[in-house]
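Enquirer: Handing you this structure, nothing more for now.
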Amino acid sequence: MKTNLPIVTLLTDFGTEDGYVGAIKGILLRHQPDLQIVDITHNIEAYNIRQAAFAIVNYAYYYPKGTIHIVVVDPGVGSKRKGLIIKAASQYFIGPDNGVFSFLFQEENFKAFEIDESMVSSTISPTFHGRDVFAPAALKLCEGYTPDQFCHPASNISAFYDSYTKISDREFTLKVIHIDHFGNLVLNFKMTDWEAIGSPQDIKTQIKHCFIYGIKQTFSEVEEGQILVIWDSSGFLQISQFMGDASRLLHMSVGDEVRLLIE
Amino acid sequence: MKTNLPIVTLLTDFGTEDGYVGAIKGILLRHQPDLQIVDITHNIEAYNIRQAAFAIVNYAYYYPKGTIHIVVVDPGVGSKRKGLIIKAASQYFIGPDNGVFSFLFQEENFKAFEIDESMVSSTISPTFHGRDVFAPAALKLCEGYTPDQFCHPASNISAFYDSYTKISDREFTLKVIHIDHFGNLVLNFKMTDWEAIGSPQDIKTQIKHCFIYGIKQTFSEVEEGQILVIWDSSGFLQISQFMGDASRLLHMSVGDEVRLLIE
Amino acid sequence: MKTNLPIVTLLTDFGTEDGYVGAIKGILLRHQPDLQIVDITHNIEAYNIRQAAFAIVNYAYYYPKGTIHIVVVDPGVGSKRKGLIIKAASQYFIGPDNGVFSFLFQEENFKAFEIDESMVSSTISPTFHGRDVFAPAALKLCEGYTPDQFCHPASNISAFYDSYTKISDREFTLKVIHIDHFGNLVLNFKMTDWEAIGSPQDIKTQIKHCFIYGIKQTFSEVEEGQILVIWDSSGFLQISQFMGDASRLLHMSVGDEVRLLIE
C-alpha cells in the first residue's frame, strides 16, 4: 500500500517532450507501481542550477518527513562530478554535486553522501544519470536502505550563496537572486536577516533612482500597478508590482543590485 | 486507502518552475499522503481569468462526484477579494472570487461559500493563498467537513458571461470566447442555444468577408486546410481549420465577432 | 487497490491550458479513482507525429508489463483514420493510425488491433477521440478485457522509418531524426547497426565541413563546449556539444544528413 512508501518528487530541466522524464517515472514505477510520484517541474531553464537551487526552497519543506526529492539539473553529467544524497530537514535530496543544493547547507543536521554508482546500477549511460543513477538511488531509499549502505561520506560539496553586503549599520546592498513567473524580484535578504538587525520599520529600498518606502503587509496597501516591497511566501524580501510584472517594469535581472536604507 | 478520499485537481497560472505548485502539492500530501492529485494545468496565461474560466468547462464534469477542483488564477491575492468554495455539479471548486467560476453559475444547485480564512489556517502569506488558504480548505473537505462548517454563505459572486446577441430571428452576433491550443475559435453559442432557436440546418457563419456554410458533423467532410464550423467537444460552436490553425489563418482573437445567419 | 490495475501513461500534443488533458484524466478516474496516471508530456509540437514516435522509444520500455500508453497526436481526428491498440514489448499502446507507432514495428510479437468505436463509447465527438475513444479503450483494458474482445485485427498500419543509407562498406549516410530539448542531434543509426558492421572503432562523422573522430564513452573525454559523437541513452548515435546545444552551434535540423566514414 502506498502509505508505507515515501513520496518521490521530480525537478528537472529536461522538458517533457523527449520522454526522458517518462523514462525516470517508468524506472521508479516498474519497481514500485504504487509510488506517489510528484512532478515539481521539468521547465527549469536548461542548465540553470541557480534557478533550481532557489525553487527547492519554495517546495521542499512542505513535504512529509522522509520524502525523496530527485533534482536533475546536470550540465556536468558524464564528467567526474559526484552524485549526491543530501539529508536535510528530515528529507532526502538526490542529484548532482554542482551547487543545486546550496540553500540546504543552512539546514541543521545537513549530511552529504556520495552515491557509489556501482552499488545502485549495473549499466549507466554517460548521458542520463537521472534514469541510471538518481532514480535507482531513490529506489534504494524506498526499499529501506540508508544512504550509508550504498554511499560514501561526501565532503567539499559545491555550493554558492550570495549574502547581502553590509555597507554600514544603516545601509545594505542586496542582490536579485531570483525572478519568478510573475516578475517578482526576490532578494538575498530573509526575514531572519531583518530580525537580526532589529526589525527596523523605517526602511527604504532604492532601485536605480527610485525609492520604495517601508515593507508592506499585504498587496492591498497599494493601488493596482504600484511597486511595493513585501516578504515573499518563503520569507525572502521581494519587490513586486501589484497585479503586474516588476521585473519588466523596472528592467531588473538576476544579479542586479538594490540598496536597503534604514532611516 | 485512496478510495475513501476525494480526488483533488489543480489549475493555476503559476508555471511550475518556481516550485510554488510543488508547495501546494506538499501541503496536501503532508496531511494526506495517499491523495490522488491531478494536474490540470499550470500554464494558464498569468492573470488570465477568462482562459481559466473556460478551461474549467472542458474538464470538470468528467470527474467523480465530490471531486475538489482547486483553481488559482488570482491577480487580486492580498486584496479584499473573497476566497470561495463553489458547490456545483456535485463537485467542489475552490478559488478566488474574480469571475473564474463564471461558467458554473449556469449549473443547477449552484451554491457559493466564502472561506473563513481564520478557520483553515493560522499563518497566511499575503502573496500565496493557493498554499495557505485554498489547499487547507481542500484538506478540510478531504477530512469530511462540509463548507458550512468553515465558511459563510456568499453572495454577489463575481461573474461574466458574454451571451450572443440576437439581431433578428435570422441573424445573431457571436463572439470568440476562447482560442485553444490548436487555434480553434470557440464561440459563445452552445448546442442548447441552437436547439432553442429550432436547430436550423441552413445556416451560414460570416467571418469578416467569408461565409462558411452549414455545421459539419466530422472533419472528414472537408479537405485538409479547409475552414469549417463544427460543435466542439464541450458543445460550443467552433470555427476550425482541418489539420490547421484557424486563428492564425483568419487573424481572429478572443473578443472578435462573427455573424450567424439563418437562410 | 492500485496494485491490481495497470499503469496508464499519457502523451499528447494538446498542451494543458484548455483542460482537454484534464478531461481525459477525469474520464479515467471517474471509472478507476485509484488509477496511477503518468503524464509523459503534453508538449509535443502540434501535429508532430515524428516527434511523438521518437519520444515513445525513450520511455515505453521502462514501464511494467501490461502498462497502457495512450498517445494522442492526432491531426486526422474525425477523418477515416483508424484508432489502434498495439501490443508490443508486453505493453499496450493506444492511439491513431498515423505512423506514431512506427518505432514499435521492430518489436517482436508486435500485434495491431483496430478499435471498434461502437464497442467502447456511445457518443463520440468528432474532434476529441482522446477523451471519447482512446481513454474508454484504456478503461476496457483496465477492466480485464483483451483487445480482441472490442477490436478487429488491423493490417496496413501506417509507419515510417528512415533507415540509414549504405554508400559503400566504409561510407554511410545518416539522418538527424530527432533534436532533443538540449539540442542533441539523434541519428538513425543504432548500436545494433554499428555492431552489424563489425563495431568499427576508427570512424569519423562528417557534419558539413567538420569531422568528428571516434565515438566517445563519456562527455568528460572532451572539454566543455566541444562537439562529440556518443551513444544516446536509448542506443542511437548522437552528436552533442558538452554543456552546450549542438543543434544551434551546427545549424542542424531534423532531416539533415551527416556522413559516417570508416577509416
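Each chain in the C-alpha cells gets a letter, A, B, ..., in the order shown, and its residues are numbered from 1; ligands are numbered from 1 in order too.
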So that I can check the surroundings of region 152-167 of chain B, please list as a list in words every protein, DNA and RNA residue that reaches within 8 Å of it, counting only C-alpha atoms and ignoring chain neighbours fewer than 4 positions away.

Expert: Leu84, Asp97, Asn98, Gly99, Val100, Phe101, Ser102, Phe103, Phe105, Ala112, Phe113, Glu114, Ile115, Asp116, Asp148, Glu171, Phe172, Thr173, Leu174, Lys175, Asn188 and Phe189 of chain B

Enquirer: Counting only C-alpha atoms, a student should be able to say which residues of chain A come within 6 Å of chain B; what is the right answer, written as a list in words?

Expert: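 Therefore, the residues near the partner are Ile40, Thr41, Asn43, Ile44, Ala55, Asn58, Tyr59, Tyr62, Tyr63, Pro64, Thr218, Phe219, Ser220, Ser233 and Met243 of chain A.
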
Enquirer: Write a file of the selected residues as a tab-separated table (two decimals), in the first residue's frame, keeping C-alpha atoms.

Expert:
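The resulting file, again30.tsv, is shown below:
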```
chain	number	residue	atom	x	y	z
A	40	ILE	CA	7.58	19.64	-9.28
A	41	THR	CA	8.75	20.98	-12.63
A	43	ASN	CA	10.78	23.51	-17.03
A	44	ILE	CA	13.88	24.74	-15.22
A	55	ALA	CA	12.96	26.56	-6.40
A	58	ASN	CA	9.90	27.03	-2.16
A	59	TYR	CA	8.55	23.49	-2.01
A	62	TYR	CA	6.14	21.25	2.92
A	63	TYR	CA	6.55	17.52	2.28
A	64	PRO	CA	6.27	14.74	4.85
A	218	THR	CA	-0.46	42.94	2.03
A	219	PHE	CA	-0.77	43.93	-1.60
A	220	SER	CA	-3.98	45.80	-0.86
A	233	SER	CA	5.90	33.30	0.64
A	243	MET	CA	-1.18	42.90	-10.47
```

Enquirer: Got a sec to tell me which of region 63-262 of chain C DSSP assigns to helix (DSSP H, G or I), as a PyMOL selection string?

Expert: chain C and resi 102-106+117-120+129-142+147-149+191-196+219-221+246-250

Enquirer: From a DSSP calculation on the backbone, collect every residue of region 46-233 of chain C in strand (DSSP E or B) and output the set as a ChimeraX atom specification.

Expert: /C:68-72,83-88,91-96,111-115,151-153,165-168,171-179,185-190,203-207,210-213,216,227-231

Enquirer: May I have the selected residues written with C-alpha atoms, as a PDB file, in the first residue's frame?

Expert:
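Final output, saved to out-v9.pdb:
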```pdb
ATOM      1  CA  ILE C  68      -1.176   1.124 -21.148  1.00  0.00           C
ATOM      2  CA  HIS C  69       0.325   4.023 -23.084  1.00  0.00           C
ATOM      3  CA  ILE C  70      -2.234   6.465 -24.523  1.00  0.00           C
ATOM      4  CA  VAL C  71      -0.730   8.503 -27.361  1.00  0.00           C
ATOM      5  CA  VAL C  72      -2.801  11.292 -28.878  1.00  0.00           C
ATOM      6  CA  GLY C  83      -7.952   4.005 -33.889  1.00  0.00           C
ATOM      7  CA  LEU C  84      -5.384   1.402 -32.853  1.00  0.00           C
ATOM      8  CA  ILE C  85      -4.302  -0.738 -29.950  1.00  0.00           C
ATOM      9  CA  ILE C  86      -0.765  -2.029 -30.434  1.00  0.00           C
ATOM     10  CA  LYS C  87       0.575  -4.831 -28.300  1.00  0.00           C
ATOM     11  CA  ALA C  88       4.374  -4.740 -28.234  1.00  0.00           C
ATOM     12  CA  GLN C  91       2.663  -3.393 -23.164  1.00  0.00           C
ATOM     13  CA  TYR C  92      -0.307  -1.703 -24.804  1.00  0.00           C
ATOM     14  CA  PHE C  93      -0.199   1.420 -26.944  1.00  0.00           C
ATOM     15  CA  ILE C  94      -3.438   3.189 -27.842  1.00  0.00           C
ATOM     16  CA  GLY C  95      -3.725   5.953 -30.420  1.00  0.00           C
ATOM     17  CA  PRO C  96      -4.385   6.914 -34.012  1.00  0.00           C
ATOM     18  CA  LYS C 111       0.293  -7.049 -32.817  1.00  0.00           C
ATOM     19  CA  ALA C 112      -2.123  -4.384 -34.072  1.00  0.00           C
ATOM     20  CA  PHE C 113      -5.841  -4.109 -33.430  1.00  0.00           C
ATOM     21  CA  GLU C 114      -8.378  -1.654 -34.805  1.00  0.00           C
ATOM     22  CA  ILE C 115     -10.663  -0.317 -32.081  1.00  0.00           C
ATOM     23  CA  CYS C 151     -11.264  -4.625 -31.629  1.00  0.00           C
ATOM     24  CA  HIS C 152     -10.769  -6.083 -35.086  1.00  0.00           C
ATOM     25  CA  PRO C 153      -7.421  -7.340 -36.350  1.00  0.00           C
ATOM     26  CA  THR C 165      21.928   4.590 -46.394  1.00  0.00           C
ATOM     27  CA  LYS C 166      24.925   2.422 -47.144  1.00  0.00           C
ATOM     28  CA  ILE C 167      27.073   4.121 -49.799  1.00  0.00           C
ATOM     29  CA  SER C 168      29.897   1.595 -49.556  1.00  0.00           C
ATOM     30  CA  GLU C 171      30.661   5.104 -46.014  1.00  0.00           C
ATOM     31  CA  PHE C 172      27.143   5.621 -44.751  1.00  0.00           C
ATOM     32  CA  THR C 173      24.689   8.488 -44.951  1.00  0.00           C
ATOM     33  CA  LEU C 174      22.800   9.078 -41.698  1.00  0.00           C
ATOM     34  CA  LYS C 175      19.931  11.450 -40.996  1.00  0.00           C
ATOM     35  CA  VAL C 176      19.028  13.578 -37.979  1.00  0.00           C
ATOM     36  CA  ILE C 177      15.737  12.005 -36.833  1.00  0.00           C
ATOM     37  CA  HIS C 178      15.261  13.987 -33.627  1.00  0.00           C
ATOM     38  CA  ILE C 179      16.639  17.035 -31.853  1.00  0.00           C
ATOM     39  CA  LEU C 185      21.195  15.534 -32.702  1.00  0.00           C
ATOM     40  CA  VAL C 186      19.903  11.956 -32.706  1.00  0.00           C
ATOM     41  CA  LEU C 187      20.840   9.933 -35.820  1.00  0.00           C
ATOM     42  CA  ASN C 188      19.102   6.956 -37.457  1.00  0.00           C
ATOM     43  CA  PHE C 189      21.932   4.617 -36.552  1.00  0.00           C
ATOM     44  CA  LYS C 190      21.639   2.300 -33.572  1.00  0.00           C
ATOM     45  CA  ILE C 203      35.217   6.046 -37.529  1.00  0.00           C
ATOM     46  CA  LYS C 204      34.715   9.688 -38.259  1.00  0.00           C
ATOM     47  CA  THR C 205      31.486  11.603 -38.624  1.00  0.00           C
ATOM     48  CA  GLN C 206      31.314  14.377 -41.184  1.00  0.00           C
ATOM     49  CA  ILE C 207      28.934  17.241 -40.393  1.00  0.00           C
ATOM     50  CA  CYS C 210      33.709  19.261 -39.948  1.00  0.00           C
ATOM     51  CA  PHE C 211      34.974  15.837 -38.960  1.00  0.00           C
ATOM     52  CA  ILE C 212      34.397  14.350 -35.517  1.00  0.00           C
ATOM     53  CA  TYR C 213      36.696  11.460 -34.740  1.00  0.00           C
ATOM     54  CA  LYS C 216      33.225   8.767 -27.009  1.00  0.00           C
ATOM     55  CA  ILE C 227      31.410  18.584 -30.152  1.00  0.00           C
ATOM     56  CA  LEU C 228      31.418  14.809 -29.712  1.00  0.00           C
ATOM     57  CA  VAL C 229      29.697  11.709 -31.051  1.00  0.00           C
ATOM     58  CA  ILE C 230      28.296   9.396 -28.388  1.00  0.00           C
ATOM     59  CA  TRP C 231      25.603   6.738 -27.943  1.00  0.00           C
TER      60      TRP C 231
END
```

Enquirer: Show which residues sit within 7 Å of Asp245 (chain C), as a PyMOL selection string. Count only C-alpha atoms, and ignore same-chain residues fewer than 6 positions away.

Expert: chain C and resi 182-184

Enquirer: Can those selected residues be exported to a file as a short mmCIF file (atom, residue, chain, number, x, y, z; two decimals), in the first residue's frame so that it contains all heavy atoms?

Expert:
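Contents of result03.cif, freshly written:
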```cif
data_model
loop_
_atom_site.label_atom_id
_atom_site.label_comp_id
_atom_site.auth_asym_id
_atom_site.auth_seq_id
_atom_site.Cartn_x
_atom_site.Cartn_y
_atom_site.Cartn_z
N PHE C 182 17.92 19.56 -25.32
CA PHE C 182 19.25 20.13 -25.08
C PHE C 182 20.02 20.36 -26.37
O PHE C 182 21.19 20.72 -26.35
CB PHE C 182 20.05 19.20 -24.15
CG PHE C 182 19.42 19.06 -22.80
CD1 PHE C 182 18.60 17.98 -22.49
CD2 PHE C 182 19.60 20.05 -21.84
CE1 PHE C 182 18.00 17.87 -21.24
CE2 PHE C 182 19.00 19.94 -20.59
CZ PHE C 182 18.20 18.86 -20.29
N GLY C 183 19.34 20.13 -27.52
CA GLY C 183 19.99 20.37 -28.81
C GLY C 183 20.84 19.21 -29.29
O GLY C 183 21.61 19.36 -30.25
N ASN C 184 20.74 18.05 -28.65
CA ASN C 184 21.44 16.87 -29.13
C ASN C 184 20.82 16.39 -30.43
O ASN C 184 19.59 16.37 -30.57
CB ASN C 184 21.38 15.74 -28.09
CG ASN C 184 22.08 16.10 -26.81
OD1 ASN C 184 23.24 16.50 -26.82
ND2 ASN C 184 21.37 15.99 -25.68
#
```

Enquirer: Just how far from CA of Gln241 (chain C) is CA of Asp180 (chain C), in Å to one decimal?

Expert: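 Atom-to-atom, CA of Asp180 (chain C) and CA of Gln241 (chain C) are spaced 12.3 Å apart.
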
Enquirer: Select, from C:Val120, C:Ile262, C:Ala138, C:Ile215, the residue with the minimum atom-to-atom distance to Gly66 (chain C), counting only C-alpha atoms.

Expert: C:Ala138

Enquirer: Using Å and a single decimal, report how far CA of Glu107 (chain A) sits from CA of Trp194 (chain A).

Expert: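 That distance, rounded to one decimal, is 18.7 Å.
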
Enquirer: Using only C-alpha atoms, find the one residue out of C:Gln217, C:Ser253, C:Thr9, C:Ser234 that sits nearest to Phe54 (chain C).

Expert: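 Closest to Phe54 (chain C), using only C-alpha atoms: C:Ser234.
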
Enquirer: Of the candidates B:Lys65, B:Ala196, B:Leu5, B:Leu260, which shows the shortest atom-to-atom distance to Leu139 (chain B), using only C-alpha atoms?

Expert: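 Using only C-alpha atoms, Leu139 (chain B) sits closest to B:Leu5.
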